[in-house]
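Participant: Let me begin by handing over the structure; questions about it come next.
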Amino acid sequence: MIKIRHADITEKYKTYEWLCLSDTAQMHMGEPDYPNNPIPSWEEFKEGFENFYYQEETRGKGSVMIIQDDGKDIGCLCYACFHLKPQKAELDIWLKGKEYCGNGNGTKALKALCDYLESSYNIKDYIIRPSIKNYRAVRAYEKVGFKKVQENEKEKTINEFLLPEFLNEYGDGDYGFEDTAVLIKTNLNAL
Ligand SMILES: CC(C)(COP(=O)(O)OP(=O)(O)OC[C@H]1O[C@@H](n2cnc3c(N)ncnc32)[C@H](O)[C@@H]1OP(=O)(O)O)[C@@H](O)C(=O)NCCC(=O)NCCS
């Protein structure tokens with residue numbers, strides 16, 4: 001049974017370990033497959049994932065969440081809204097070990113996250129941006145209802161989601177514009 005809950009600040013290092021030091025890190029970051037998205041050090045992670053991701057008062061801006069399977073921690077979700085237009089959220093996910101992948105856990109957790117964000121924050125549109133080479137992640141997101149944006153529509157979609165003042169910093173995505181896939185789930189997808 002998959003459940004999700006907000007992480008608190010005492011869990012920040014643990015979520016770094018799962019993201020960067022676990023055997024799933026190389027599935028989406030660093031050499032050999034993702035040289036343009038190096039694995040962050042603890043110092044870099046601490047800065048990138050600012051403390052607001054772990055604090056109750058700022059959950060409207062974004063948050064890191066823990067995925068639990070029958071009460072056992074198996075990975076993380078992250079959502080961020082601060083850089084996006086209203087009623088939109090950018091999502092990310094990483095399971096803490098390969099043994100937890102490929103069993104449907106990721107898709108269940110993402111569905112739970114979208115339900116939670118819609119009911120708690122009235123979020124209607126979601127964006128997620130894996131590497132174009134992360135076939136497992138792309139497939140998992142499609143199972144949740146995300147649709148991959150065509151190459152020639154990517155820029156337009158980014159402009160529709162991001163606030164103009166954040167385009168420079170976040171417009172290209174973690175893998176660079178060309179190597180980042182853009183997937184969205186919107187109310188329109190459901191029509
Ligand atoms: C990405 C991730 C969250 C997905 O969660 P998951 O629980 O493994 O995903 P699921 O088991 O629900 O679904 C995976 C799907 O990908 C498919 N798949 C696996 N490897 C694949 C590959 N190389 N090519 C295509 N599809 C693949 C599986 O068959 C499954 O689809 P199916 O149910 O239709 O058979 C998880 O694998 C993970 O944490 N990976 C490491 C971190 C990461 O890459 N995060 C994404 C950053 S954007």
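Starting from 1 in every chain, residues are counted up; chains themselves are A, B, ... following the order of the structure tokens, and ligands are numbered from 1 as listed.
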Using only C-alpha atoms and all ligand atoms, which residues have at least one atom no more than 8 Å from ligand 1? Output them as a VMD selection string.
Facilitator: chain A and resid 19 24 to 28 75 92 to 98 100 to 108 128 to 131 134 to 141 143
Participant: Write out, as a PDB file, in the first residue's frame, the residues just selected, with C-alpha atoms.
Facilitator:
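After the write, part-v6.pdb holds the following:
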```pdb
ATOM      1  CA  LEU A  19      19.006  10.714  -4.583  1.00  0.00           C
ATOM      2  CA  THR A  24      19.401   4.470  -8.508  1.00  0.00           C
ATOM      3  CA  ALA A  25      21.478   7.669  -8.829  1.00  0.00           C
ATOM      4  CA  GLN A  26      23.147   6.562 -12.062  1.00  0.00           C
ATOM      5  CA  MET A  27      19.759   5.760 -13.581  1.00  0.00           C
ATOM      6  CA  HIS A  28      19.212   9.507 -14.085  1.00  0.00           C
ATOM      7  CA  GLY A  75      11.867   6.898  -1.950  1.00  0.00           C
ATOM      8  CA  ASP A  92      10.264  14.808  -9.652  1.00  0.00           C
ATOM      9  CA  ILE A  93      10.679  11.353  -8.159  1.00  0.00           C
ATOM     10  CA  TRP A  94      13.442   8.990  -7.107  1.00  0.00           C
ATOM     11  CA  LEU A  95      13.167   5.602  -5.443  1.00  0.00           C
ATOM     12  CA  LYS A  96      15.916   4.763  -2.965  1.00  0.00           C
ATOM     13  CA  GLY A  97      17.021   1.427  -4.410  1.00  0.00           C
ATOM     14  CA  LYS A  98      16.794  -0.599  -7.597  1.00  0.00           C
ATOM     15  CA  TYR A 100      11.953  -0.864  -5.384  1.00  0.00           C
ATOM     16  CA  CYS A 101      11.858  -0.027  -9.114  1.00  0.00           C
ATOM     17  CA  GLY A 102       9.795  -1.781 -11.746  1.00  0.00           C
ATOM     18  CA  ASN A 103       7.004  -2.833  -9.378  1.00  0.00           C
ATOM     19  CA  GLY A 104       4.557  -0.011 -10.058  1.00  0.00           C
ATOM     20  CA  ASN A 105       5.590   1.924  -6.931  1.00  0.00           C
ATOM     21  CA  GLY A 106       6.646   5.049  -8.828  1.00  0.00           C
ATOM     22  CA  THR A 107       3.427   5.330 -10.805  1.00  0.00           C
ATOM     23  CA  LYS A 108       1.270   4.782  -7.712  1.00  0.00           C
ATOM     24  CA  ILE A 128       7.875  16.581 -15.428  1.00  0.00           C
ATOM     25  CA  ARG A 129      11.209  16.713 -17.230  1.00  0.00           C
ATOM     26  CA  PRO A 130      13.363  13.558 -17.273  1.00  0.00           C
ATOM     27  CA  SER A 131      16.252  12.882 -19.616  1.00  0.00           C
ATOM     28  CA  ASN A 134      15.412   7.717 -19.159  1.00  0.00           C
ATOM     29  CA  TYR A 135      13.001   5.351 -20.891  1.00  0.00           C
ATOM     30  CA  ARG A 136      11.760   3.760 -17.671  1.00  0.00           C
ATOM     31  CA  ALA A 137      10.835   7.136 -16.181  1.00  0.00           C
ATOM     32  CA  VAL A 138       9.126   8.290 -19.399  1.00  0.00           C
ATOM     33  CA  ARG A 139       7.125   5.054 -19.511  1.00  0.00           C
ATOM     34  CA  ALA A 140       6.164   5.366 -15.835  1.00  0.00           C
ATOM     35  CA  TYR A 141       4.977   8.967 -16.370  1.00  0.00           C
ATOM     36  CA  LYS A 143       1.216   5.323 -17.226  1.00  0.00           C
TER      37      LYS A 143
END
```
Participant: When you look at Gly176 (chain A) with a cut-off of 12 Å (counting only C-alpha atoms), what residues show up, excluding the ones that are within fewer than 5 positions of it in the same chain? I need them as a JSON list (two decimals) with N, CA and C atoms, in the first residue's frame.
Facilitator:
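This is the output file selection-v6.json:
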```
[["chain", "number", "residue", "atom", "x", "y", "z"],
["A", 34, "TYR", "N", 24.64, 10.19, -18.16],
["A", 34, "TYR", "CA", 24.10, 11.56, -18.08],
["A", 34, "TYR", "C", 25.19, 12.57, -17.70],
["A", 35, "PRO", "N", 26.24, 12.67, -18.53],
["A", 35, "PRO", "CA", 27.37, 13.54, -18.15],
["A", 35, "PRO", "C", 26.97, 15.01, -18.02],
["A", 36, "ASN", "N", 25.88, 15.42, -18.70],
["A", 36, "ASN", "CA", 25.49, 16.83, -18.58],
["A", 36, "ASN", "C", 24.61, 17.11, -17.35],
["A", 37, "ASN", "N", 24.39, 16.09, -16.52],
["A", 37, "ASN", "CA", 23.67, 16.30, -15.26],
["A", 37, "ASN", "C", 24.42, 15.59, -14.14],
["A", 129, "ARG", "N", 10.20, 16.58, -16.17],
["A", 129, "ARG", "CA", 11.21, 16.71, -17.23],
["A", 129, "ARG", "C", 12.40, 15.78, -17.01],
["A", 130, "PRO", "N", 12.24, 14.50, -17.37],
["A", 130, "PRO", "CA", 13.36, 13.56, -17.27],
["A", 130, "PRO", "C", 14.31, 13.71, -18.46],
["A", 131, "SER", "N", 15.39, 12.96, -18.43],
["A", 131, "SER", "CA", 16.25, 12.88, -19.62],
["A", 131, "SER", "C", 15.50, 12.14, -20.72],
["A", 132, "ILE", "N", 15.77, 12.50, -21.97],
["A", 132, "ILE", "CA", 15.14, 11.76, -23.07],
["A", 132, "ILE", "C", 15.59, 10.30, -23.08],
["A", 168, "ASN", "N", 15.24, 31.82, -17.73],
["A", 168, "ASN", "CA", 16.69, 31.68, -17.91],
["A", 168, "ASN", "C", 17.26, 30.57, -17.06],
["A", 169, "GLU", "N", 16.83, 30.55, -15.79],
["A", 169, "GLU", "CA", 17.42, 29.60, -14.86],
["A", 169, "GLU", "C", 16.90, 28.17, -15.06],
["A", 170, "TYR", "N", 15.60, 28.03, -15.33],
["A", 170, "TYR", "CA", 15.01, 26.70, -15.35],
["A", 170, "TYR", "C", 14.45, 26.27, -16.71],
["A", 171, "GLY", "N", 14.53, 27.13, -17.71],
["A", 171, "GLY", "CA", 13.88, 26.84, -18.99],
["A", 171, "GLY", "C", 14.41, 25.58, -19.68],
["A", 181, "ALA", "N", 13.38, 15.66, -21.91],
["A", 181, "ALA", "CA", 12.03, 15.40, -22.41],
["A", 181, "ALA", "C", 11.05, 16.22, -21.57],
["A", 182, "VAL", "N", 10.01, 16.72, -22.21],
["A", 182, "VAL", "CA", 8.98, 17.48, -21.49],
["A", 182, "VAL", "C", 7.68, 16.69, -21.56]]
```
Participant: Excluding Thr186 (chain A) and residues on its chain fewer than 2 positions from it, collect all residues at most 12 Å away from it, counting only C-alpha atoms, and give them as a list of chain:residue names.
Facilitator: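 Listed by chain and then number, they are A:Gln87, A:Lys88, A:Ala89, A:Glu90, A:Cys114, A:Glu118, A:Ile123, A:Lys124, A:Asp125, A:Tyr126, A:Ile127, A:Ile128, A:Val144, A:Gly145, A:Phe146, A:Lys147, A:Lys148, A:Val149, A:Thr157, A:Glu160, A:Phe161, A:Leu183, A:Ile184, A:Leu188, A:Asn189, A:Ala190, A:Leu191.
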Participant: Emit the selected residues as a short mmCIF file (atom, residue, chain, number, x, y, z; two decimals), in the first residue's frame, including N, CA and C atoms.
Facilitator:
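Result file is result.cif:
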```cif
data_model
loop_
_atom_site.label_atom_id
_atom_site.label_comp_id
_atom_site.auth_asym_id
_atom_site.auth_seq_id
_atom_site.Cartn_x
_atom_site.Cartn_y
_atom_site.Cartn_z
N GLN A 87 -1.64 27.40 -10.38
CA GLN A 87 -2.29 26.08 -10.53
C GLN A 87 -1.46 25.08 -11.32
N LYS A 88 -0.12 25.27 -11.30
CA LYS A 88 0.77 24.35 -12.00
C LYS A 88 1.85 23.85 -11.04
N ALA A 89 2.31 22.63 -11.26
CA ALA A 89 3.39 22.08 -10.42
C ALA A 89 4.35 21.29 -11.28
N GLU A 90 5.64 21.38 -10.93
CA GLU A 90 6.66 20.55 -11.57
C GLU A 90 6.99 19.42 -10.59
N CYS A 114 -0.45 13.66 -7.45
CA CYS A 114 -1.35 14.53 -8.24
C CYS A 114 -2.69 14.69 -7.52
N GLU A 118 -3.99 18.33 -6.23
CA GLU A 118 -5.25 18.89 -6.72
C GLU A 118 -6.18 19.21 -5.55
N ILE A 123 -4.09 22.35 -7.75
CA ILE A 123 -3.20 22.24 -8.91
C ILE A 123 -3.94 21.50 -10.03
N LYS A 124 -3.81 22.05 -11.24
CA LYS A 124 -4.53 21.45 -12.37
C LYS A 124 -3.58 20.90 -13.44
N ASP A 125 -2.40 21.48 -13.55
CA ASP A 125 -1.48 21.10 -14.64
C ASP A 125 -0.12 20.70 -14.07
N TYR A 126 0.43 19.63 -14.61
CA TYR A 126 1.70 19.10 -14.10
C TYR A 126 2.71 19.00 -15.22
N ILE A 127 3.96 19.24 -14.87
CA ILE A 127 5.05 19.07 -15.84
C ILE A 127 6.12 18.23 -15.17
N ILE A 128 6.77 17.39 -15.96
CA ILE A 128 7.88 16.58 -15.43
C ILE A 128 8.91 16.47 -16.54
N VAL A 144 0.96 7.26 -15.77
CA VAL A 144 0.23 8.14 -14.84
C VAL A 144 -0.69 9.11 -15.60
N GLY A 145 -0.53 9.17 -16.94
CA GLY A 145 -1.37 10.08 -17.73
C GLY A 145 -0.62 11.24 -18.34
N PHE A 146 0.71 11.28 -18.14
CA PHE A 146 1.49 12.34 -18.78
C PHE A 146 1.63 12.05 -20.27
N LYS A 147 1.70 13.14 -21.05
CA LYS A 147 1.92 13.02 -22.50
C LYS A 147 3.22 13.74 -22.85
N LYS A 148 4.00 13.07 -23.70
CA LYS A 148 5.27 13.67 -24.11
C LYS A 148 5.00 14.77 -25.13
N VAL A 149 5.59 15.93 -24.90
CA VAL A 149 5.42 17.07 -25.80
C VAL A 149 6.34 16.89 -27.01
N THR A 157 5.55 25.04 -24.66
CA THR A 157 5.05 24.46 -23.40
C THR A 157 5.78 25.05 -22.20
N GLU A 160 4.48 28.29 -21.44
CA GLU A 160 3.14 28.25 -20.84
C GLU A 160 3.19 27.93 -19.35
N PHE A 161 4.20 27.16 -18.96
CA PHE A 161 4.29 26.73 -17.55
C PHE A 161 5.10 27.69 -16.69
N LEU A 183 7.18 16.33 -20.39
CA LEU A 183 5.89 15.63 -20.34
C LEU A 183 4.93 16.45 -19.49
N ILE A 184 3.69 16.51 -19.95
CA ILE A 184 2.70 17.28 -19.18
C ILE A 184 1.42 16.47 -18.97
N LEU A 188 -6.74 19.13 -20.02
CA LEU A 188 -7.06 18.84 -21.42
C LEU A 188 -6.80 17.38 -21.76
N ASN A 189 -5.70 16.80 -21.14
CA ASN A 189 -5.39 15.39 -21.39
C ASN A 189 -6.58 14.49 -21.06
N ALA A 190 -7.35 14.93 -20.04
CA ALA A 190 -8.43 14.08 -19.54
C ALA A 190 -9.67 14.18 -20.43
N LEU A 191 -9.71 15.18 -21.32
CA LEU A 191 -10.93 15.36 -22.12
C LEU A 191 -11.07 14.28 -23.19
#
```
Participant: Taking only chain A into account, list the residues labelled alpha helix (DSSP H) by DSSP (computed from the backbone), as an MDAnalysis selection string.
Facilitator: chainID A and resid 12:16 42:48 105:121 135:144 154:161 167:170 187:190
Participant: May I have the residues within 10 Å of Lys72 (chain A) as a count of residues only, using only C-alpha atoms and disregarding those fewer than 5 positions away in the same chain?
Facilitator: 5
Participant: Quick check, in Å to one decimal: how far apart do CA of Tyr175 (chain A) and CA of Met65 (chain A) lie?
Facilitator: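 Between these atoms lies a distance of 23.0 Å.
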Participant: Please determine, counting only C-alpha atoms, which residue among A:Glu57, A:Glu99, A:Glu43, A:Asp115 has the shortest atom-to-atom distance to Ile4 (chain A).
Facilitator: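 Ranking A:Glu57, A:Glu99, A:Glu43, A:Asp115 by distance to Ile4 (chain A), first place goes to A:Asp115.
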Participant: Per DSSP on the backbone, what are the strand (DSSP E) residues of region 36-188 of chain A, as an MDAnalysis selection string?
Facilitator: chainID A and resid 62:69 72:80 88:95 125:128 147:148 183:185
